[in-house]
Each structure stands twice: as C-alpha cells, then as structure tokens.
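So this block is target-v5.txt, compact mmCIF, C-alpha atoms:
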# COMPACT_ATOMS: atom_id res chain seq x y z
CA MET A 69 43.54 -19.51 -5.05
CA LYS A 70 40.14 -19.70 -6.67
CA LYS A 71 37.14 -20.97 -4.75
CA HIS A 72 33.70 -21.76 -6.09
CA VAL A 73 32.11 -20.08 -3.08
CA LEU A 74 33.61 -17.11 -1.26
CA PHE A 75 32.65 -16.78 2.40
CA ALA A 76 33.19 -13.11 3.28
CA VAL A 77 32.82 -11.59 6.69
CA SER A 78 31.55 -8.07 6.13
CA LEU A 79 30.86 -7.00 9.70
CA LEU A 80 31.10 -3.20 9.73
CA LEU A 81 32.82 -3.22 6.33
CA PRO A 82 31.31 -2.39 2.93
CA MET A 83 30.64 -5.29 0.62
CA ALA A 84 32.61 -5.68 -2.56
CA LEU A 85 29.38 -4.82 -4.34
CA SER A 86 29.69 -1.18 -3.37
CA ALA A 87 28.71 -0.06 -6.86
CA GLN A 88 25.26 -1.45 -6.12
CA GLN A 89 24.98 0.15 -2.68
CA GLU A 90 22.73 3.05 -3.60
CA GLU A 91 20.33 0.89 -5.55
CA GLU A 92 20.06 -1.75 -2.84
CA ASP A 93 19.47 0.82 -0.14
CA THR A 94 16.07 1.42 -1.71
CA GLU A 95 14.89 -2.17 -1.21
CA ASN A 96 13.38 -1.17 2.15
CA GLY A 97 13.77 -4.46 3.96
CA ILE A 98 15.67 -5.32 7.12
CA VAL A 99 19.13 -5.01 5.61
CA SER A 100 20.29 -4.40 2.05
CA VAL A 101 22.33 -6.89 0.07
CA GLY A 102 25.06 -4.26 -0.05
CA GLY A 103 24.84 -3.44 3.64
CA LYS A 104 27.55 -3.45 6.28
CA GLN A 105 26.14 -6.08 8.60
CA GLY A 106 26.47 -9.85 8.77
CA PHE A 107 27.91 -12.50 6.48
CA THR A 108 27.59 -12.78 2.73
CA LEU A 109 27.97 -15.78 0.43
CA SER A 110 28.85 -15.05 -3.17
CA SER A 111 29.59 -17.17 -6.23
CA GLU A 112 32.93 -16.73 -7.95
CA LYS A 113 31.35 -14.86 -10.86
CA GLY A 114 29.24 -12.73 -8.55
CA ASP A 115 26.01 -13.79 -10.26
CA PHE A 116 24.64 -15.23 -7.01
CA VAL A 117 24.68 -13.48 -3.61
CA PHE A 118 23.11 -14.88 -0.44
CA LYS A 119 22.99 -13.00 2.84
CA PRO A 120 21.40 -14.34 6.05
CA TYR A 121 20.61 -11.84 8.77
CA ALA A 122 19.02 -11.40 12.17
CA LEU A 123 17.60 -8.38 13.97
CA ILE A 124 16.48 -8.37 17.61
CA GLN A 125 14.79 -5.48 19.38
CA THR A 126 14.00 -5.42 23.09
CA THR A 127 12.14 -2.50 24.63
CA ALA A 128 11.35 -1.13 28.07
CA ASN A 129 8.05 0.76 27.92
CA PHE A 130 6.17 3.19 30.15
CA ASN A 131 2.68 4.46 29.24
CA TYR A 132 0.54 6.78 31.34
CA TYR A 133 -3.12 7.25 30.36
CA ASP A 134 -5.33 10.09 31.54
CA ASP A 135 -8.59 9.34 33.40
CA GLU A 136 -10.89 9.46 30.34
CA GLY A 137 -11.87 5.95 29.32
CA LEU A 138 -10.71 4.36 32.58
CA ASP A 139 -13.19 2.68 34.89
CA LYS A 140 -11.92 2.99 38.45
CA ALA A 141 -14.58 0.52 39.61
CA TYR A 142 -12.58 -2.18 37.85
CA ASN A 143 -9.31 -0.88 39.27
CA GLN A 144 -8.09 0.24 35.88
CA ASP A 145 -4.77 1.97 36.36
CA ASN A 146 -3.43 5.07 34.68
CA VAL A 147 -0.22 3.16 34.04
CA ALA A 148 -0.83 0.35 31.54
CA ASN A 149 0.84 -1.46 28.65
CA SER A 150 4.15 -0.95 30.40
CA GLY A 151 7.10 -3.24 31.01
CA PHE A 152 9.39 -5.15 28.67
CA ALA A 153 8.61 -6.29 25.15
CA ILE A 154 10.22 -7.78 22.06
CA PRO A 155 8.64 -6.08 19.04
CA TYR A 156 10.96 -7.80 16.56
CA ALA A 157 12.96 -11.02 16.64
CA VAL A 158 13.69 -11.30 12.97
CA LEU A 159 15.49 -14.05 11.10
CA GLY A 160 15.74 -13.99 7.35
CA PHE A 161 17.81 -13.95 4.24
CA THR A 162 18.12 -11.79 1.16
CA GLY A 163 20.13 -11.98 -2.01
CA LYS A 164 20.48 -11.72 -5.77
CA ALA A 165 20.57 -14.26 -8.56
CA PHE A 166 21.62 -14.04 -12.21
CA GLU A 167 21.96 -10.24 -11.92
CA LYS A 168 18.21 -9.91 -12.43
CA VAL A 169 16.39 -11.41 -9.47
CA SER A 170 16.45 -10.10 -5.90
CA PHE A 171 14.73 -12.05 -3.14
CA ASN A 172 13.92 -11.73 0.53
CA LEU A 173 12.28 -13.91 3.17
CA THR A 174 11.79 -12.60 6.72
CA LEU A 175 10.18 -14.27 9.74
CA ASN A 176 9.39 -12.33 12.91
CA ALA A 177 9.34 -14.78 15.80
CA ALA A 178 7.96 -12.06 18.12
CA ALA A 179 4.74 -11.85 16.09
CA SER A 180 1.82 -14.24 15.78
CA GLY A 181 -0.64 -15.37 13.13
CA GLY A 182 -0.09 -13.97 9.66
CA ASN A 183 2.41 -11.43 11.01
CA LEU A 184 4.92 -14.25 11.58
CA LEU A 185 5.68 -13.92 7.88
CA GLN A 186 6.85 -10.34 7.82
CA GLN A 187 7.92 -10.30 4.20
CA ALA A 188 8.50 -12.75 1.37
CA TRP A 189 9.15 -11.46 -2.12
CA PHE A 190 11.19 -11.66 -5.29
CA ASP A 191 11.97 -8.78 -7.60
CA VAL A 192 12.76 -9.27 -11.28
CA LYS A 193 14.69 -6.32 -12.74
CA LEU A 194 14.59 -6.40 -16.51
CA LYS A 195 16.33 -3.04 -16.60
CA GLU A 196 16.89 -0.18 -14.20
CA GLN A 197 13.80 1.54 -15.56
CA PHE A 198 11.49 -1.48 -15.21
CA ALA A 199 11.18 -4.20 -12.58
CA VAL A 200 8.38 -6.38 -11.22
CA LYS A 201 8.12 -7.24 -7.52
CA VAL A 202 5.80 -9.99 -6.26
CA GLY A 203 4.99 -11.23 -2.75
CA LYS A 204 4.58 -9.66 0.68
CA PHE A 205 6.37 -6.34 1.11
CA LYS A 206 5.82 -2.70 2.05
CA THR A 207 3.11 -0.85 0.17
CA PRO A 208 4.35 2.31 -1.61
CA PHE A 209 3.06 4.83 0.92
CA THR A 210 4.82 7.05 3.51
CA HIS A 211 8.53 7.53 4.10
CA ALA A 212 8.07 6.51 7.76
CA TYR A 213 7.11 2.93 6.82
CA LEU A 214 9.45 2.65 3.85
CA THR A 215 12.53 3.35 5.98
CA THR A 216 14.59 0.24 6.62
CA LEU A 217 13.61 -1.41 9.89
CA GLY A 218 16.28 -0.73 12.50
CA GLU A 219 17.49 2.46 10.82
CA THR A 220 14.69 4.79 11.92
CA LEU A 221 15.19 8.00 13.87
CA MET A 222 12.69 7.03 16.58
CA PRO A 223 11.80 3.61 18.06
CA THR A 224 8.21 3.98 16.78
CA VAL A 225 6.67 5.39 13.62
CA PRO A 226 4.50 8.51 14.01
CA THR A 227 1.29 7.90 15.94
CA SER A 228 -0.65 9.76 13.24
CA LEU A 229 -0.05 6.75 10.97
CA THR A 230 -1.01 4.03 13.47
CA ALA A 231 -3.89 5.52 15.51
CA THR A 232 -7.33 4.23 14.57
CA THR A 233 -9.73 6.89 13.35
CA ILE A 234 -12.89 7.89 15.22
CA MET A 235 -16.28 7.69 13.48
CA PRO A 236 -19.77 8.67 14.65
CA TYR A 237 -20.99 5.11 13.98
CA THR A 238 -20.60 1.96 16.06
CA LEU A 239 -19.17 -0.20 13.29
CA ASN A 240 -16.32 -2.03 14.95
CA ALA A 241 -15.05 -3.36 11.62
CA VAL A 242 -14.55 0.15 10.21
CA THR A 243 -11.58 1.59 12.10
CA PRO A 244 -8.98 2.31 9.42
CA THR A 245 -5.57 3.79 10.09
CA ILE A 246 -3.83 6.14 7.69
CA GLY A 247 -0.74 3.92 7.40
CA THR A 248 -0.88 0.77 5.26
CA GLY A 249 2.43 -1.05 5.91
CA PHE A 250 3.07 -4.59 4.64
CA ASP A 251 0.68 -6.35 2.27
CA ILE A 252 0.61 -9.06 -0.41
CA GLY A 253 0.57 -8.02 -4.04
CA ILE A 254 2.45 -7.14 -7.18
CA GLU A 255 4.28 -3.93 -8.02
CA VAL A 256 5.91 -2.45 -11.11
CA HIS A 257 8.72 -0.03 -10.30
CA GLY A 258 11.79 1.58 -11.75
CA LEU A 259 14.35 4.36 -11.67
CA LEU A 260 14.62 6.92 -14.46
CA ALA A 261 17.81 8.92 -15.03
CA ARG A 262 18.91 7.96 -11.50
CA LYS A 263 16.63 10.74 -10.22
CA PHE A 264 13.01 9.77 -10.75
CA GLY A 265 11.42 6.74 -9.13
CA TYR A 266 8.00 5.23 -9.62
CA GLU A 267 6.03 2.41 -7.98
CA VAL A 268 2.62 1.20 -9.11
CA GLY A 269 1.09 -1.71 -7.25
CA LEU A 270 -1.96 -3.86 -6.66
CA PHE A 271 -2.37 -5.41 -3.18
CA ASN A 272 -4.95 -7.33 -1.16
CA GLY A 273 -5.54 -4.35 1.10
CA THR A 274 -5.95 -6.61 4.14
CA GLY A 275 -2.64 -5.71 5.80
CA SER A 276 0.24 -7.75 7.14
CA ALA A 277 -1.84 -10.06 9.36
CA VAL A 278 -3.58 -11.81 6.44
CA ASN A 279 -1.65 -14.12 4.11
CA THR A 280 -4.64 -15.60 2.27
CA ALA A 281 -6.81 -14.47 -0.63
CA THR A 282 -10.08 -13.19 0.85
CA LYS A 283 -11.26 -10.45 -1.53
CA THR A 284 -14.26 -10.25 -3.85
CA LEU A 285 -15.59 -7.89 -6.51
CA SER A 286 -16.71 -4.46 -5.42
CA ASP A 287 -20.49 -4.13 -5.10
CA ASP A 288 -20.36 -0.42 -5.93
CA TRP A 289 -17.63 -0.15 -8.54
CA HIS A 290 -17.66 -3.72 -9.95
CA ILE A 291 -13.87 -4.01 -9.88
CA PRO A 292 -11.70 -6.27 -7.67
CA SER A 293 -11.89 -5.07 -4.05
CA LEU A 294 -8.15 -4.54 -3.74
CA LEU A 295 -5.70 -1.81 -2.76
CA TYR A 296 -4.57 0.21 -5.78
CA ALA A 297 -1.44 2.23 -4.97
CA ALA A 298 1.16 4.43 -6.67
CA ARG A 299 4.16 6.53 -5.60
CA LEU A 300 6.37 8.96 -7.50
CA THR A 301 9.68 10.31 -6.18
CA TRP A 302 12.28 12.85 -7.28
CA MET A 303 15.84 12.51 -6.01
CA PRO A 304 17.88 15.36 -7.54
CA LYS A 305 21.16 14.24 -5.93
CA GLY A 306 20.91 10.56 -6.72
CA VAL A 307 19.19 7.65 -5.03
CA MET A 308 18.11 8.43 -1.48
CA PRO A 309 19.16 5.73 1.04
CA SER A 310 16.22 4.32 2.99
CA MET A 311 17.64 5.18 6.41
CA GLN A 312 17.36 8.06 8.88
CA GLY A 313 20.91 8.24 10.14
CA ASN A 314 23.88 5.90 10.20
CA PRO A 315 27.23 6.61 11.92
CA ASN A 316 29.04 4.87 9.06
CA ARG A 317 27.56 7.30 6.53
CA LEU A 318 28.05 10.82 7.85
CA HIS A 319 28.98 12.39 4.52
CA GLU A 320 25.78 11.88 2.53
CA ASP A 321 24.18 14.64 0.48
CA LYS A 322 20.80 13.31 -0.65
CA MET A 323 17.25 14.58 -0.92
CA LEU A 324 13.88 13.08 -1.83
CA LEU A 325 10.50 14.56 -2.67
CA GLY A 326 7.60 12.22 -3.21
CA ILE A 327 3.85 11.94 -3.67
CA SER A 328 1.68 8.88 -3.27
CA VAL A 329 -1.96 7.91 -3.66
CA SER A 330 -3.98 4.74 -3.06
CA GLU A 331 -7.55 3.50 -3.07
CA ASN A 332 -8.51 0.57 -0.84
CA VAL A 333 -11.72 -0.65 -2.44
CA GLU A 334 -14.22 -2.05 0.08
CA SER A 335 -11.41 -2.32 2.57
CA GLU A 336 -13.20 -3.20 5.80
CA SER A 337 -15.75 -5.96 6.20
CA GLU A 338 -18.68 -3.60 6.84
CA SER A 339 -17.46 -1.70 4.52
CA THR A 340 -15.84 1.47 3.12
CA ASN A 341 -13.72 2.71 0.23
CA ASP A 342 -10.61 4.41 1.62
CA LEU A 343 -8.73 6.98 -0.46
CA ARG A 344 -5.26 7.92 0.82
CA ALA A 345 -2.82 10.51 -0.46
CA GLY A 346 0.50 11.75 0.86
CA PHE A 347 3.44 14.06 0.34
CA GLU A 348 6.92 13.31 1.68
CA PHE A 349 10.27 15.02 2.03
CA SER A 350 13.51 13.61 3.38
CA MET A 351 17.11 14.79 3.36
CA LEU A 352 20.51 13.54 4.48
CA LYS A 353 23.21 16.19 4.73
CA ASN A 354 26.38 15.04 6.49
CA ARG A 355 25.39 14.71 10.16
CA TRP A 356 21.83 15.96 9.59
CA TYR A 357 18.69 14.03 8.78
CA VAL A 358 15.41 15.89 8.11
CA GLY A 359 12.06 14.35 7.25
CA ALA A 360 8.49 15.61 6.90
CA GLU A 361 5.25 14.16 5.61
CA GLY A 362 1.62 15.10 5.24
CA TYR A 363 -1.18 12.67 4.41
CA LEU A 364 -4.95 12.38 4.34
CA MET A 365 -7.54 9.62 4.19
CA ARG A 366 -11.08 10.03 2.86
CA VAL A 367 -13.42 7.24 3.97
CA GLY A 368 -16.66 6.62 2.09
CA PHE A 369 -19.24 4.02 3.06
CA THR A 370 -20.53 1.60 0.45
CA LYS A 371 -24.14 1.74 -0.73
CA ARG A 372 -25.20 -1.32 1.25
CA GLN A 373 -24.29 0.48 4.46
CA LYS A 374 -26.99 3.07 3.72
CA ILE A 375 -24.70 5.79 5.08
CA ASP A 376 -24.37 8.50 2.46
CA GLU A 377 -21.44 10.27 4.12
CA HIS A 378 -17.72 10.72 3.68
CA PHE A 379 -15.18 11.41 6.42
CA THR A 380 -11.78 13.01 5.90
CA TYR A 381 -8.84 12.53 8.25
CA TRP A 382 -5.39 14.01 7.91
CA GLY A 383 -2.11 14.12 9.71
CA ALA A 384 1.47 15.28 9.37
CA TYR A 385 4.83 15.16 11.10
CA ALA A 386 8.26 16.70 10.88
CA GLN A 387 11.39 15.26 12.45
CA VAL A 388 15.07 16.05 12.60
CA GLY A 389 18.17 14.19 13.73
CA TYR A 390 21.75 15.34 14.26
CA PHE A 391 24.92 13.42 15.16
CA VAL A 392 26.57 15.45 17.89
CA THR A 393 29.34 12.84 17.92
CA ASN A 394 30.05 9.89 15.64
CA GLN A 395 28.02 7.66 17.97
CA VAL A 396 25.34 9.95 19.45
CA GLN A 397 22.35 11.17 17.43
CA LEU A 398 19.81 13.59 18.91
CA ALA A 399 16.23 13.43 17.61
CA ALA A 400 13.04 15.50 17.76
CA ARG A 401 9.63 15.05 16.15
CA TYR A 402 6.34 16.91 16.04
CA ASP A 403 3.39 14.70 15.07
CA PHE A 404 -0.19 15.78 14.39
CA ILE A 405 -3.50 14.09 13.51
CA ASP A 406 -7.09 15.18 13.01
CA ARG A 407 -8.32 11.88 14.43
CA ASN A 408 -12.02 12.69 14.68
CA GLY A 409 -12.26 13.99 11.11
CA THR A 410 -12.56 17.40 9.55
CA ASP A 411 -16.29 17.58 10.34
CA LYS A 412 -15.45 18.02 14.02
CA ASP A 413 -13.19 20.53 15.70
CA GLY A 414 -10.09 19.39 17.55
CA TRP A 415 -6.90 17.49 16.91
CA LEU A 416 -4.06 15.70 18.68
CA ASN A 417 -0.56 17.18 18.78
CA MET A 418 2.23 14.80 19.74
CA PRO A 419 5.74 16.20 20.27
CA ALA A 420 8.55 13.73 20.92
CA VAL A 421 12.26 13.84 21.69
CA GLY A 422 14.87 11.12 21.58
CA VAL A 423 18.53 10.17 21.59
CA ASN A 424 20.26 7.29 19.79
CA TYR A 425 23.59 5.73 20.69
CA PHE A 426 25.45 3.49 18.25
CA PHE A 427 27.92 1.22 20.05
CA PRO A 428 31.16 1.17 18.04
CA HIS A 429 32.25 -2.07 16.37
CA SER A 430 29.31 -4.13 17.64
CA ASN A 431 26.15 -3.48 15.55
CA LEU A 432 24.34 -2.56 18.78
CA LYS A 433 22.04 0.44 18.80
CA LEU A 434 20.31 2.03 21.80
CA GLN A 435 17.33 4.35 21.29
CA ALA A 436 15.44 6.39 23.89
CA MET A 437 12.24 8.34 23.21
CA TYR A 438 9.61 10.34 25.11
CA GLN A 439 6.29 11.47 23.61
CA TYR A 440 3.47 13.63 24.94
CA ILE A 441 -0.03 13.63 23.46
CA GLY A 442 -2.00 16.84 23.83
CA ARG A 443 -5.51 17.84 22.72
CA THR A 444 -6.36 21.16 21.10
CA GLY A 445 -9.33 22.98 19.62
CA HIS A 446 -12.24 20.71 20.59
CA ALA A 447 -15.75 22.18 20.72
CA THR A 448 -16.83 20.29 23.86
CA GLN A 449 -15.15 18.58 26.78
CA LEU A 450 -16.68 15.26 25.67
CA ASP A 451 -15.07 15.58 22.25
CA ARG A 452 -11.78 16.38 23.96
CA ASP A 453 -12.08 13.36 26.26
CA ASN A 454 -12.95 10.97 23.44
CA ASP A 455 -10.29 12.07 21.00
CA ASP A 456 -7.31 10.47 22.74
CA LEU A 457 -8.99 7.26 23.92
CA GLY A 458 -6.57 4.35 23.64
CA GLN A 459 -3.56 6.63 23.37
CA PRO A 460 -1.20 7.34 26.32
CA MET A 461 -0.78 10.94 27.41
CA HIS A 462 2.84 10.25 28.39
CA SER A 463 4.93 7.48 26.88
CA ALA A 464 8.59 6.57 27.09
CA ARG A 465 10.45 3.83 25.32
CA LEU A 466 13.99 2.48 25.59
CA LEU A 467 15.00 0.17 22.74
CA LEU A 468 18.14 -1.94 22.45
CA GLN A 469 18.74 -3.45 19.03
CA TYR A 470 21.21 -5.93 17.64
CA ALA A 471 21.51 -6.52 13.90
CA PHE A 472 23.66 -9.13 12.21

Can you turn what I pasted into structure tokens?
Amino acid sequence: MKKHVLFAVSLLLPMALSAQQEEEDTENGIVSVGGKQGFTLSSEKGDFVFKPYALIQTTANFNYYDDEGLDKAYNQDNVANSGFAIPYAVLGFTGKAFEKVSFNLTLNAAASGGNLLQQAWFDVKLKEQFAVKVGKFKTPFTHAYLTTLGETLMPTVPTSLTATTIMPYTLNAVTPTIGTGFDIGIEVHGLLARKFGYEVGLFNGTGSAVNTATKTLSDDWHIPSLLYAARLTWMPKGVMPSMQGNPNRLHEDKMLLGISVSENVESESESTNDLRAGFEFSMLKNRWYVGAEGYLMRVGFTKRQKIDEHFTYWGAYAQVGYFVTNQVQLAARYDFIDRNGTDKDGWLNMPAVGVNYFFPHSNLKLQAMYQYIGRTGHATQLDRDNDDLGQPMHSARLLLQYAF
C-alpha cells in the first residue's frame, strides 16, 4: 500500500539510502542523514528526507592542578573544575530536499549565548564536484574538529588545539588558540573522482560564540577582516567516514591525507593576523583507527599595535584505537604543544589513555579517559611554571552519551 509519507524506524539499522552513506558521512554534523540512529521521514519519491535527532552527554570530571598559579592565601585548591557536567544536550534535525539541498539545524541546550546555536546551514550540491554551503558550521581545519560529534576516540579533542597561547605582552584580547571550530560563513566544496576533496571558505573568524556581523576592513591589508580558509584531502580508497570507530562498521578500509591553511585577518580586538596551517592523516582498517595531525599558528600584530614581532606556535598529536571486542575499544593518544612559542624553549607533552564501551542495541556509549600534562625543555623554572598555567596536571573524564 502506497503512502505519501513513510515513517521508518531506523534504530541500529542502515537507512534505505545506503548508496549515499559514504557521501553523507562527510557532512561532519551530529549524525548523518544516512546514519543508523533515530527516526527518518521520507517522501514516497525519496526527494525529501527529514531526520530529527538528539544527543546527550553527561560527564564526571576530575582535575588536579599543580601549585603554580594557585594562591593558598585564598584557599585555592589543587582540585578544581571537578564534578559533573553536561557538555552537550543537543536537539536538531537534518535532511535533504529535491536531491540538491542538504540542511541542518542544531541547538545545544547545555551552552549559553551564541553557542546555543551550534550549527545552522544549508548545502546546495549542483554536482558532486561543486557545492555551496552557507551558515554556521565547522571551519575546514583539523581532523579532530571535523570528526562527527559523538564518534570521537576520546571524550575531548587534543589540548594542543584548545589551549590558549602564551605571549610576552599583557593584551588580554590576544589569546588565540590553534583550533578554529564552528563559525559563520560560506564555503565552496566538492569531491573529484571520489578520491580528492576540496573546501574553500570565507568566515567571520569570531568563533562559535558570535552569531552577528561584527567585522570591518583590515587597517593593514585593506581587505575584509575575515577568516580565509582552505582544505585539500586525498582519499585513495574512497570517501573517508568522519568517525573514529564504530562497532557497526568494523570492516572499513579507508585512508585520508589532508592539508589545510587559513588566515584570520585582524582576528582579535587588539589585534593580530593569525596564519594557521595543518597536515592530517587518518585511517580506518577493520578494528583499527589511526589518526595524526600537525599544525602551526603564526601570530603577527597589526601596525597600530606598534609591536613589530611575530610569534609561531605549533602542536601535534597521534592517536590510535582498537576494538578488542565488538563493544570495547581501547584508545591512546600523545599530544604536544609549543605553547610559549618557538622563541622560547620548552613545551608541553600530554599523553592520554582511554577505553570506550558501546552498549549493544541501545545507542549508549561510555567513554573513560585519563591525561597527564608534563613540561619539558624550559630554560628557567619560571618559564616551566608559567607554561602550564590554567591546565590540569592530572585529569580524568568519564562520559556517558546517548544518541537518537
């Protein structure tokens, strides 16, 4: 019997649109249209697909800070920022229309301000080789951020991407991080010969917390003070899924190599021009996942700051995961950052270990992670003490996630 609207329950089952699975796995949202979670509404002809979804993450956190930066006179404790948290309580929908337009709207109820709107975009695909994406979405930089939320190897992205950099100037508005994350803009992208991907975008450069237009023209370069970004990838074995291990997909054989570059023109309010570049590698081979990235950021002050200096920061990580059973995935990561810049000796090394358990037939996922932050190679004890300020020496996180 024909129906104008088919209501299909696809919990833990592939969608009928399995031919589109590889392509949709590169959308880098919360879930793909062709995913195996939740409900899907589809028109009889299949020219309209609508998929609501939810993702909830609850964490138990423990962070131990060393004595540097603590003022015992104010009873500051070595244990801080610990307890329970909800990093994500996501409700959204995604879908396709007229075989050309993909769309996604995601709200994160656990966030505040502009971060409440996590992403909102539509993507017009004129052909596989050329599409235009507009709205708020992930900037084309770093495999760690571009992995689908909820399908990462560790509960947190590498610290080398999120830690603020240290400068020898007291400009509180100039504390860039290497990672860029979500932003508002426009991007042209496509897939060539099912092996080569490209993304070229123009974004506000203000990050996920700002949903308004606040930029001007650059005083130094006389161009719009925006984030200019590009990413090129090579996938010799076909499209690489944007996940770091899934018990329902233990027979993959995929690999990705990529390079990316961006320039955030007059990015901070004080202000600087921030050049970023990165190299990425990721691989899925049956029960194995392997990923590695290296990236750098060169920060240059604008002329009105009267600081004729540039500072270069760089970091890297490598991580590996292996399913010892169909439900248990072991994980390890080594993370590294030259947080105080190449002009000063010393860096932070941050090894981490973890284990993930996927509850069968429930869409529940449990992740556990421990990370240690060490300091190496500093010229003075003061440099060593300052380099890890704001970062816990020991941290542990237990994350329970439900996706639907």

With all atoms listed in the file as the atoms that count, which of A:Ala384, A:Leu325, A:Ile234, A:Leu270 lies nearest to Lys412 in chain A?
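Smallest separation from Lys412 in chain A among the options: A:Ile234.
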
From (17.6, 2.0, -14.6), in the file's coordinates, out to 8 Å: which residues are reached, counting only C-alpha atoms? Answer as a list in words.
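Returned residue set, sorted by chain then number, is Lys195, Glu196, Gln197, Phe198, Gly258, Leu259, Leu260, Ala261 and Arg262 of chain A.
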
Residue nearest Lys353 in chain A - candidates A:Lys371, A:Lys305, A:Arg366, A:Lys164, atoms counted: all atoms listed in the file
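Under the stated criterion, the closest residue is A:Lys305.
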
For each of A:Thr230, A:Thr207, A:Ser180, A:Asn316, take the minimum atom-to-atom distance to Val256 in chain A, counting all atoms listed in the file, then give the residue where this is smallest.
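The shortest atom-to-atom distance to Val256 in chain A comes from A:Thr207.
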
Of the candidates A:Tyr390, A:Phe209, A:Phe426, A:Tyr440, which shows the shortest atom-to-atom distance to Leu364 in chain A, using all atoms listed in the file?
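Closest to Leu364 in chain A, using all atoms listed in the file: A:Phe209.
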
Just want the 12 Å neighbourhood of Leu285 in chain A, counted on only C-alpha atoms, with same-chain residues fewer than 3 positions away dropped. Output as a PDB file with C-alpha atoms, keeping the file's coordinate frame.
ATOM      1  CA  ASN A 272      -4.950  -7.330  -1.160  1.00  0.00           C
ATOM      2  CA  THR A 282     -10.080 -13.190   0.850  1.00  0.00           C
ATOM      3  CA  ASP A 288     -20.360  -0.420  -5.930  1.00  0.00           C
ATOM      4  CA  TRP A 289     -17.630  -0.150  -8.540  1.00  0.00           C
ATOM      5  CA  HIS A 290     -17.660  -3.720  -9.950  1.00  0.00           C
ATOM      6  CA  ILE A 291     -13.870  -4.010  -9.880  1.00  0.00           C
ATOM      7  CA  PRO A 292     -11.700  -6.270  -7.670  1.00  0.00           C
ATOM      8  CA  SER A 293     -11.890  -5.070  -4.050  1.00  0.00           C
ATOM      9  CA  LEU A 294      -8.150  -4.540  -3.740  1.00  0.00           C
ATOM     10  CA  VAL A 333     -11.720  -0.650  -2.440  1.00  0.00           C
ATOM     11  CA  GLU A 334     -14.220  -2.050   0.080  1.00  0.00           C
ATOM     12  CA  SER A 335     -11.410  -2.320   2.570  1.00  0.00           C
TER      13      SER A 335
END
